[in-house]
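First comes the structure, then the notes that go with it.
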Amino acid sequence: MLGNFTYCNPTKLYFGRDALNGLNEELPKYGKNVLLVYGGGSIKKNGIYDKVVAILKANGKEIFEDGGVMPNPTSDKLEEGVRRAEAANADLILAVGGGSVCDYAKAVSVSVNCGGDPWEKYFIRFEEPTCKIIPVGCVLTMVGTGSEMNGGSVITNHAQKLKIGHVFGENVFPKFSVMNPEFTFTLPKYQMIAGIYDIMSHILEQYFSGTDDNTSDYIMEGLLRSLIHSANIAVKDPTDYEARSNIMWTATWALNTLVAKGKTTDWMVHMLGQAVAAHTDATHGMTLAAVSLPYYRFIMDSGLDKFARYAVNVWHVDPKGKTAKQTAQEGLAEMEKWMISIGLVMNITELGATEEMLDGIVKSTLVMDGGYKILNAVDIRAVLLASY
Ligand code: NZQ
Ligand code: ZN
């Protein structure tokens with residue numbers, strides 16, 4: 001049975017080859033000072049920076065820059081961003097980049113007027129913003145996180161060896177996002193594939209939970225089938241617009257809150273992946289890929305019916321003459337074959353995790369209680385060891 005919920009997604013999307021023109025509609029709604037936030041320089045190489053700056057200038061904006069946002073943005077960089085936004089007296093934060101840049105922009109947006117230490121306030125104490133939030137807009141250049149249409153913001157604290165996400169409410173969602181699939185064509189293949197798996201993981205985190213018959217699970221099976229289909233094409237031809245545009249759209253629906261409505265969710269793969277990243281700074285999607293199958297094989301018996309349904313409806317396993325367990329196992333084997341075929345990283349050693357890090361990674365793993373099995377430290381260790 002579907003549980004009770006409210007649903008509202010306030011982010012306006014501009015999608016397609018002409019999406020950047022949407023900025024001309026959005027920019028007049030905000031004051032003059034724009035903090036332009038971006039990453040390590042890819043947007044300067046591929047020309048997106050020049051296009052965005054031209055539109056900002058044509059709209060009479062004063063541009064203040066905050067570049068150098070790293071993948072897995074840090075609490076130190078967040079503090080710097082807050083100072084820059086303050087100095088700019090920013091009326092709008094325009095994030096041009098991937099999930100890291102969008103997440104960071106949201107973290108800055110809730111911190112500028114709130115005072116105190118944003119890491120402690122939002123990522124340790126999980127407080128909600130009580131101050132004026134600076135509006136955020138996003139021009140997406142990397143697909144995967146769904147940050148373009150959600151309230152998620154993930155920040156890494158290297159000193160504390162913690163990578164923590166705060167899922168903020170609708171008041172923190174981007175006011176608008178520009179989504180041109182062509183902007184993602186210059187992504188290195190490693191990042192494209194990592195993004196594809198991030199999308200898959202977001203769907204599975206919400207799918208592998210609960211036993212109810214609900215619309216969300218059927219939607220998720222459709223999204224997964226579309227993702228697998230388009231990913232197979234994109235891996236061969238990264239400039240196939242049809243495939244890349246479908247992947248971009250699937251990413252947004254995978255994590256814009258819709259498919260979680262009315263049902264329980266898990267998120268344990270993300271907790272494990274984030275703990276690995278806290279110690280290795282590895283690429284988000286690859287950390288998820290490396291821990292997923294060890295985790296799913298560990299919990300499979302506790303959610304057997306759902307794993308068997310997944311095998312049949314997503315991986316086309318024929319259940320005739322098989323037990324639910326055999327069907328479920330075949331589904332995970334098909335998933336494994338596919339993951340290897342598209343080039344995902346299948347163990348955490350390849351991501352830089354060492355035996356000496358194991359205790360620390362176990363300690364950094366937050367435990368969620370919405371999945372089919374609640375893990376203890378011994379379980380977490382066993383799952384991680386299966387990924388070495
Ligand atoms: O920094 P630049 O030079 O721009 O290079 C980036 C970066 O190195 C590059 N890139 C992005 N667009 C490009 C490009 N290179 C060439 N051409 C382009 N068009 O790609 C690299 C990775 O970018 P990043 O933004 O880090 O990737 P992603 O979008 O995967 O974001 C990862 C971050 O998002 C968080 C992750 O934990 C991680 O910190 N997440 C956010 C979520 C949310 N908001 O809901 C949920 C996710 O589960 C995830 O945790
Ligand atoms: Zn993710």
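Letters A, B, ... mark the chains of the structure tokens in the order given; residue numbers begin at 1 per chain; ligand numbers begin at 1, in order shown.
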Neighbour list for segment 325-335 of chain A as a PyMOL selection string, cut-off 9 Å, only C-alpha atoms, skip fewer than 5 positions in-chain:
chain A and resi 293+296-297+300-301+304-312+314-320+340
Neighbourhood of ligand 2 at 8 Å, counting only C-alpha atoms and all ligand atoms, reported as a PyMOL selection string
chain A and resi 144-145+198-199+201-202+270+284-285+288
Tell me, in Å to one decimal, how far atom CA of Ala282 of chain A is from atom CA of Arg225 of chain A.
27.1 Å
I need the residue nearest Ala277 of chain A from this list: A:Val178, A:Ile164, A:Ile203, A:Val383. Use only C-alpha atoms for the distance.
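Closest to Ala277 of chain A, using only C-alpha atoms: A:Ile164.
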What are the nearest atom pairs, with distances in Å to one decimal, for all residues of chain A that come at most 8 Å from ligand 1, using only C-alpha atoms and all ligand atoms, set out by chain and rising residue number as a Markdown table?
| residue | atom | partner | partner_atom_place_in_ligand_line | distance |
| --- | --- | --- | --- | --- |
| A:Tyr38 | CA | ligand 1 | 4 (O) | 6.5 |
| A:Gly39 | CA | ligand 1 | 1 (O) | 3.5 |
| A:Gly40 | CA | ligand 1 | 3 (O) | 3.4 |
| A:Gly41 | CA | ligand 1 | 3 (O) | 4.0 |
| A:Ser42 | CA | ligand 1 | 3 (O) | 3.8 |
| A:Ile43 | CA | ligand 1 | 4 (O) | 5.9 |
| A:Asn46 | CA | ligand 1 | 17 (N) | 6.8 |
| A:Gly68 | CA | ligand 1 | 1 (O) | 6.8 |
| A:Val69 | CA | ligand 1 | 1 (O) | 6.3 |
| A:Met70 | CA | ligand 1 | 1 (O) | 5.7 |
| A:Pro71 | CA | ligand 1 | 26 (O) | 3.4 |
| A:Asn72 | CA | ligand 1 | 39 (O) | 3.6 |
| A:Pro73 | CA | ligand 1 | 39 (O) | 6.0 |
| A:Gly97 | CA | ligand 1 | 12 (N) | 5.3 |
| A:Gly98 | CA | ligand 1 | 25 (O) | 3.3 |
| A:Gly99 | CA | ligand 1 | 29 (O) | 3.4 |
| A:Ser100 | CA | ligand 1 | 25 (O) | 3.8 |
| A:Val101 | CA | ligand 1 | 25 (O) | 5.6 |
| A:Cys102 | CA | ligand 1 | 44 (N) | 7.1 |
| A:Asp103 | CA | ligand 1 | 44 (N) | 5.3 |
| A:Leu140 | CA | ligand 1 | 12 (N) | 7.6 |
| A:Thr141 | CA | ligand 1 | 19 (N) | 4.2 |
| A:Met142 | CA | ligand 1 | 12 (N) | 4.3 |
| A:Val143 | CA | ligand 1 | 29 (O) | 5.7 |
| A:Gly144 | CA | ligand 1 | 29 (O) | 5.6 |
| A:Thr145 | CA | ligand 1 | 47 (C) | 4.3 |
| A:Gly146 | CA | ligand 1 | 45 (O) | 5.5 |
| A:Ser147 | CA | ligand 1 | 44 (N) | 3.7 |
| A:Glu148 | CA | ligand 1 | 44 (N) | 7.4 |
| A:Asn150 | CA | ligand 1 | 45 (O) | 6.0 |
| A:Gly151 | CA | ligand 1 | 44 (N) | 6.4 |
| A:Gly152 | CA | ligand 1 | 44 (N) | 3.7 |
| A:Ser153 | CA | ligand 1 | 44 (N) | 4.8 |
| A:Val154 | CA | ligand 1 | 35 (C) | 5.3 |
| A:Ile155 | CA | ligand 1 | 39 (O) | 6.4 |
| A:Thr156 | CA | ligand 1 | 39 (O) | 7.5 |
| A:Lys163 | CA | ligand 1 | 37 (O) | 7.6 |
| A:Gly165 | CA | ligand 1 | 50 (O) | 6.7 |
| A:Val167 | CA | ligand 1 | 45 (O) | 7.1 |
| A:Phe183 | CA | ligand 1 | 19 (N) | 5.2 |
| A:Thr184 | CA | ligand 1 | 19 (N) | 4.2 |
| A:Phe185 | CA | ligand 1 | 19 (N) | 6.3 |
| A:Thr186 | CA | ligand 1 | 17 (N) | 4.1 |
| A:Leu187 | CA | ligand 1 | 17 (N) | 3.7 |
| A:Pro188 | CA | ligand 1 | 16 (C) | 6.0 |
| A:Gln191 | CA | ligand 1 | 20 (O) | 5.8 |
| A:Ala194 | CA | ligand 1 | 30 (O) | 7.0 |
| A:Gly195 | CA | ligand 1 | 30 (O) | 5.5 |
| A:Asp198 | CA | ligand 1 | 48 (O) | 6.5 |
| A:His202 | CA | ligand 1 | 48 (O) | 6.7 |
| A:Leu255 | CA | ligand 1 | 45 (O) | 6.7 |
| A:His270 | CA | ligand 1 | 48 (O) | 6.6 |
| A:Gln274 | CA | ligand 1 | 37 (O) | 6.8 |
| A:Thr283 | CA | ligand 1 | 30 (O) | 7.1 |
| A:His284 | CA | ligand 1 | 36 (C) | 5.3 |
| A:Gly285 | CA | ligand 1 | 30 (O) | 6.5 |
May I have the residues from that selection written out with C-alpha atoms, as a PDB file, in the first residue's frame?
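Result file is part_34.pdb:
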ATOM      1  CA  TYR A  38      32.245  25.940 -11.614  1.00  0.00           C
ATOM      2  CA  GLY A  39      34.731  23.106 -11.328  1.00  0.00           C
ATOM      3  CA  GLY A  40      38.309  22.506 -12.372  1.00  0.00           C
ATOM      4  CA  GLY A  41      38.145  24.024 -15.811  1.00  0.00           C
ATOM      5  CA  SER A  42      36.316  21.623 -18.165  1.00  0.00           C
ATOM      6  CA  ILE A  43      33.782  24.355 -18.989  1.00  0.00           C
ATOM      7  CA  ASN A  46      34.610  22.977 -24.040  1.00  0.00           C
ATOM      8  CA  GLY A  68      37.895  25.225  -8.643  1.00  0.00           C
ATOM      9  CA  VAL A  69      35.087  23.228  -7.064  1.00  0.00           C
ATOM     10  CA  MET A  70      36.592  19.765  -6.863  1.00  0.00           C
ATOM     11  CA  PRO A  71      34.812  16.445  -7.398  1.00  0.00           C
ATOM     12  CA  ASN A  72      33.563  15.459  -3.915  1.00  0.00           C
ATOM     13  CA  PRO A  73      33.549  19.109  -2.738  1.00  0.00           C
ATOM     14  CA  GLY A  97      29.020  21.739 -13.853  1.00  0.00           C
ATOM     15  CA  GLY A  98      28.135  18.338 -12.485  1.00  0.00           C
ATOM     16  CA  GLY A  99      26.740  17.138  -9.202  1.00  0.00           C
ATOM     17  CA  SER A 100      29.731  18.403  -7.244  1.00  0.00           C
ATOM     18  CA  VAL A 101      29.256  21.962  -8.460  1.00  0.00           C
ATOM     19  CA  CYS A 102      25.459  21.891  -7.991  1.00  0.00           C
ATOM     20  CA  ASP A 103      25.721  20.316  -4.533  1.00  0.00           C
ATOM     21  CA  LEU A 140      24.309  20.703 -15.999  1.00  0.00           C
ATOM     22  CA  THR A 141      27.431  19.333 -17.698  1.00  0.00           C
ATOM     23  CA  MET A 142      27.690  15.860 -16.143  1.00  0.00           C
ATOM     24  CA  VAL A 143      24.824  13.413 -15.735  1.00  0.00           C
ATOM     25  CA  GLY A 144      24.199  11.120 -12.799  1.00  0.00           C
ATOM     26  CA  THR A 145      23.472  12.666  -9.439  1.00  0.00           C
ATOM     27  CA  GLY A 146      20.058  14.220 -10.067  1.00  0.00           C
ATOM     28  CA  SER A 147      21.313  17.283  -8.200  1.00  0.00           C
ATOM     29  CA  GLU A 148      19.745  19.437 -10.931  1.00  0.00           C
ATOM     30  CA  ASN A 150      16.678  17.784  -5.938  1.00  0.00           C
ATOM     31  CA  GLY A 151      17.763  19.153  -2.573  1.00  0.00           C
ATOM     32  CA  GLY A 152      20.781  16.883  -2.128  1.00  0.00           C
ATOM     33  CA  SER A 153      24.136  18.312  -1.162  1.00  0.00           C
ATOM     34  CA  VAL A 154      27.071  16.050  -0.359  1.00  0.00           C
ATOM     35  CA  ILE A 155      30.174  17.471   1.304  1.00  0.00           C
ATOM     36  CA  THR A 156      33.429  15.734   2.247  1.00  0.00           C
ATOM     37  CA  LYS A 163      31.497  12.271   3.359  1.00  0.00           C
ATOM     38  CA  GLY A 165      24.872  14.168   2.273  1.00  0.00           C
ATOM     39  CA  VAL A 167      18.843  16.127   1.626  1.00  0.00           C
ATOM     40  CA  PHE A 183      27.061  19.617 -22.994  1.00  0.00           C
ATOM     41  CA  THR A 184      27.905  16.153 -21.683  1.00  0.00           C
ATOM     42  CA  PHE A 185      29.599  14.924 -24.885  1.00  0.00           C
ATOM     43  CA  THR A 186      33.044  16.056 -23.708  1.00  0.00           C
ATOM     44  CA  LEU A 187      32.899  13.988 -20.507  1.00  0.00           C
ATOM     45  CA  PRO A 188      35.701  11.436 -20.239  1.00  0.00           C
ATOM     46  CA  GLN A 191      32.958   9.834 -15.804  1.00  0.00           C
ATOM     47  CA  ALA A 194      30.362   6.381 -13.394  1.00  0.00           C
ATOM     48  CA  GLY A 195      27.354   8.650 -13.924  1.00  0.00           C
ATOM     49  CA  ASP A 198      25.115   6.426 -10.160  1.00  0.00           C
ATOM     50  CA  HIS A 202      19.766   5.726  -7.158  1.00  0.00           C
ATOM     51  CA  LEU A 255      16.436  11.143  -7.933  1.00  0.00           C
ATOM     52  CA  HIS A 270      25.493   5.055  -0.933  1.00  0.00           C
ATOM     53  CA  GLN A 274      30.551   7.453   0.616  1.00  0.00           C
ATOM     54  CA  THR A 283      34.707   8.929  -8.150  1.00  0.00           C
ATOM     55  CA  HIS A 284      31.220   8.640  -6.673  1.00  0.00           C
ATOM     56  CA  GLY A 285      29.614   6.284  -9.218  1.00  0.00           C
TER      57      GLY A 285
END
Residue with smallest distance to Met339 of chain A - pool A:Met368, A:Ala382, A:Tyr197, A:Thr257, counting only C-alpha atoms
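Comparing A:Met368, A:Ala382, A:Tyr197, A:Thr257 against Met339 of chain A, the winner is A:Tyr197.
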Exercise: segment 231-241 of chain A partners within 7 Å, only C-alpha atoms, chain neighbours under 5 positions left out, as a list in words
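The residues satisfying every condition are Pro181, Phe185, Ile196 and Ile342 of chain A.
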At a cut-off of 9 Å, using only C-alpha atoms, what residues contact Asp369 of chain A? Leave out same-chain residues fewer than 5 positions from it and give the result as a list in words.
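Once the adjacent positions are removed, what remains is Thr265, Asp266, Trp267, Met268, Ile374 and Leu375 of chain A.
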Please compute the atom CA of Pro135 of chain A-atom CA of Ala85 of chain A distance, one decimal, in Å.
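The value is 11.7 Å.
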Could you give me, as an NGL selection string, each residue of segment 92-259 of chain A that DSSP assigns to strand (DSSP E or B) when run on this structure's backbone?
:A and (92-97 or 136-140 or 152-157 or 162-167 or 176-179)
Separating atom CA of Lys132 of chain A from atom CA of Leu27 of chain A, to the nearest tenth of an Å, is a gap of 19.2 Å
List every residue of segment 70-104 of chain A that DSSP, applied to the backbone, labels as alpha helix (DSSP H), and write the result as a VMD selection string.
chain A and resid 75 to 88 99 to 104
Would you write out those residues with N, CA and C atoms, as a PDB file, in the first residue's frame?
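Done, and the output landed in out-v4.pdb:
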ATOM      1  N   SER A  75      34.575  20.541   2.824  1.00  0.00           N
ATOM      2  CA  SER A  75      34.093  21.524   3.799  1.00  0.00           C
ATOM      3  C   SER A  75      34.978  22.775   3.767  1.00  0.00           C
ATOM      4  N   ASP A  76      36.266  22.608   3.468  1.00  0.00           N
ATOM      5  CA  ASP A  76      37.150  23.788   3.376  1.00  0.00           C
ATOM      6  C   ASP A  76      36.743  24.670   2.203  1.00  0.00           C
ATOM      7  N   LYS A  77      36.457  24.037   1.067  1.00  0.00           N
ATOM      8  CA  LYS A  77      36.038  24.803  -0.115  1.00  0.00           C
ATOM      9  C   LYS A  77      34.691  25.485   0.157  1.00  0.00           C
ATOM     10  N   LEU A  78      33.840  24.798   0.902  1.00  0.00           N
ATOM     11  CA  LEU A  78      32.537  25.391   1.239  1.00  0.00           C
ATOM     12  C   LEU A  78      32.729  26.699   2.015  1.00  0.00           C
ATOM     13  N   GLU A  79      33.664  26.680   2.963  1.00  0.00           N
ATOM     14  CA  GLU A  79      33.919  27.908   3.729  1.00  0.00           C
ATOM     15  C   GLU A  79      34.398  29.038   2.822  1.00  0.00           C
ATOM     16  N   GLU A  80      35.246  28.666   1.865  1.00  0.00           N
ATOM     17  CA  GLU A  80      35.736  29.674   0.916  1.00  0.00           C
ATOM     18  C   GLU A  80      34.569  30.223   0.085  1.00  0.00           C
ATOM     19  N   GLY A  81      33.699  29.328  -0.350  1.00  0.00           N
ATOM     20  CA  GLY A  81      32.553  29.737  -1.171  1.00  0.00           C
ATOM     21  C   GLY A  81      31.629  30.692  -0.431  1.00  0.00           C
ATOM     22  N   VAL A  82      31.456  30.433   0.859  1.00  0.00           N
ATOM     23  CA  VAL A  82      30.597  31.300   1.664  1.00  0.00           C
ATOM     24  C   VAL A  82      31.183  32.716   1.698  1.00  0.00           C
ATOM     25  N   ARG A  83      32.521  32.777   1.865  1.00  0.00           N
ATOM     26  CA  ARG A  83      33.178  34.100   1.891  1.00  0.00           C
ATOM     27  C   ARG A  83      33.021  34.809   0.548  1.00  0.00           C
ATOM     28  N   ARG A  84      33.168  34.051  -0.544  1.00  0.00           N
ATOM     29  CA  ARG A  84      33.038  34.667  -1.871  1.00  0.00           C
ATOM     30  C   ARG A  84      31.614  35.152  -2.123  1.00  0.00           C
ATOM     31  N   ALA A  85      30.651  34.360  -1.745  1.00  0.00           N
ATOM     32  CA  ALA A  85      29.246  34.746  -1.972  1.00  0.00           C
ATOM     33  C   ALA A  85      28.895  35.979  -1.153  1.00  0.00           C
ATOM     34  N   GLU A  86      29.446  36.026   0.059  1.00  0.00           N
ATOM     35  CA  GLU A  86      29.230  37.197   0.934  1.00  0.00           C
ATOM     36  C   GLU A  86      29.818  38.447   0.298  1.00  0.00           C
ATOM     37  N   ALA A  87      31.085  38.308  -0.148  1.00  0.00           N
ATOM     38  CA  ALA A  87      31.782  39.449  -0.741  1.00  0.00           C
ATOM     39  C   ALA A  87      31.056  39.939  -1.994  1.00  0.00           C
ATOM     40  N   ALA A  88      30.454  39.005  -2.726  1.00  0.00           N
ATOM     41  CA  ALA A  88      29.763  39.365  -3.973  1.00  0.00           C
ATOM     42  C   ALA A  88      28.372  39.925  -3.702  1.00  0.00           C
ATOM     43  N   GLY A  99      27.337  17.225 -10.528  1.00  0.00           N
ATOM     44  CA  GLY A  99      26.740  17.138  -9.202  1.00  0.00           C
ATOM     45  C   GLY A  99      27.557  17.847  -8.143  1.00  0.00           C
ATOM     46  N   SER A 100      28.885  17.770  -8.262  1.00  0.00           N
ATOM     47  CA  SER A 100      29.731  18.403  -7.244  1.00  0.00           C
ATOM     48  C   SER A 100      29.495  19.907  -7.205  1.00  0.00           C
ATOM     49  N   VAL A 101      29.431  20.509  -8.384  1.00  0.00           N
ATOM     50  CA  VAL A 101      29.256  21.962  -8.460  1.00  0.00           C
ATOM     51  C   VAL A 101      27.849  22.357  -7.984  1.00  0.00           C
ATOM     52  N   CYS A 102      26.838  21.583  -8.417  1.00  0.00           N
ATOM     53  CA  CYS A 102      25.459  21.891  -7.991  1.00  0.00           C
ATOM     54  C   CYS A 102      25.303  21.707  -6.478  1.00  0.00           C
ATOM     55  N   ASP A 103      25.831  20.585  -5.976  1.00  0.00           N
ATOM     56  CA  ASP A 103      25.721  20.316  -4.533  1.00  0.00           C
ATOM     57  C   ASP A 103      26.387  21.426  -3.718  1.00  0.00           C
ATOM     58  N   TYR A 104      27.557  21.812  -4.183  1.00  0.00           N
ATOM     59  CA  TYR A 104      28.334  22.849  -3.499  1.00  0.00           C
ATOM     60  C   TYR A 104      27.567  24.175  -3.499  1.00  0.00           C
TER      61      TYR A 104
END
Just want the 8 Å neighbourhood of Ile133 of chain A, counted on only C-alpha atoms, with same-chain residues fewer than 5 positions away dropped. Output as a list of chain:residue names.
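Once the adjacent positions are removed, what remains is A:Ser109, A:Val110, A:Ser111, A:Val112, A:Asn113, A:Asn171, A:Val172.
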Which residues come within 10 Å of Leu13 of chain A, counting only C-alpha atoms, excluding same-chain residues fewer than 5 positions away, as JSON, numbers by chain?
{"A": [19, 22, 138, 148, 149, 174, 175, 176, 177, 178, 179]}
Residues from last step as file, N, CA and C atoms, as a PDB file, in the first residue's frame:
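Result file selection-v4.pdb:
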ATOM      1  N   ALA A  19      18.558  24.496 -24.753  1.00  0.00           N
ATOM      2  CA  ALA A  19      18.183  24.727 -23.348  1.00  0.00           C
ATOM      3  C   ALA A  19      18.843  25.967 -22.743  1.00  0.00           C
ATOM      4  N   GLY A  22      17.198  29.230 -22.075  1.00  0.00           N
ATOM      5  CA  GLY A  22      16.338  29.369 -20.893  1.00  0.00           C
ATOM      6  C   GLY A  22      16.897  30.383 -19.899  1.00  0.00           C
ATOM      7  N   CYS A 138      21.157  26.027 -12.166  1.00  0.00           N
ATOM      8  CA  CYS A 138      22.181  25.041 -12.527  1.00  0.00           C
ATOM      9  C   CYS A 138      22.234  24.844 -14.047  1.00  0.00           C
ATOM     10  N   GLU A 148      20.405  18.355 -10.197  1.00  0.00           N
ATOM     11  CA  GLU A 148      19.745  19.437 -10.931  1.00  0.00           C
ATOM     12  C   GLU A 148      18.282  19.613 -10.540  1.00  0.00           C
ATOM     13  N   MET A 149      17.683  18.600  -9.907  1.00  0.00           N
ATOM     14  CA  MET A 149      16.261  18.729  -9.572  1.00  0.00           C
ATOM     15  C   MET A 149      15.959  18.157  -8.182  1.00  0.00           C
ATOM     16  N   PRO A 174      17.315  23.632  -6.851  1.00  0.00           N
ATOM     17  CA  PRO A 174      17.598  24.694  -7.821  1.00  0.00           C
ATOM     18  C   PRO A 174      16.281  25.311  -8.312  1.00  0.00           C
ATOM     19  N   LYS A 175      16.300  26.618  -8.515  1.00  0.00           N
ATOM     20  CA  LYS A 175      15.083  27.268  -9.019  1.00  0.00           C
ATOM     21  C   LYS A 175      14.857  26.855 -10.465  1.00  0.00           C
ATOM     22  N   PHE A 176      15.971  26.644 -11.184  1.00  0.00           N
ATOM     23  CA  PHE A 176      15.872  26.188 -12.575  1.00  0.00           C
ATOM     24  C   PHE A 176      17.132  25.406 -12.919  1.00  0.00           C
ATOM     25  N   SER A 177      17.002  24.533 -13.916  1.00  0.00           N
ATOM     26  CA  SER A 177      18.187  23.836 -14.409  1.00  0.00           C
ATOM     27  C   SER A 177      18.142  23.758 -15.924  1.00  0.00           C
ATOM     28  N   VAL A 178      19.316  23.944 -16.506  1.00  0.00           N
ATOM     29  CA  VAL A 178      19.488  23.899 -17.948  1.00  0.00           C
ATOM     30  C   VAL A 178      20.123  22.556 -18.286  1.00  0.00           C
ATOM     31  N   MET A 179      19.468  21.781 -19.145  1.00  0.00           N
ATOM     32  CA  MET A 179      19.944  20.428 -19.430  1.00  0.00           C
ATOM     33  C   MET A 179      20.077  20.213 -20.938  1.00  0.00           C
TER      34      MET A 179
END
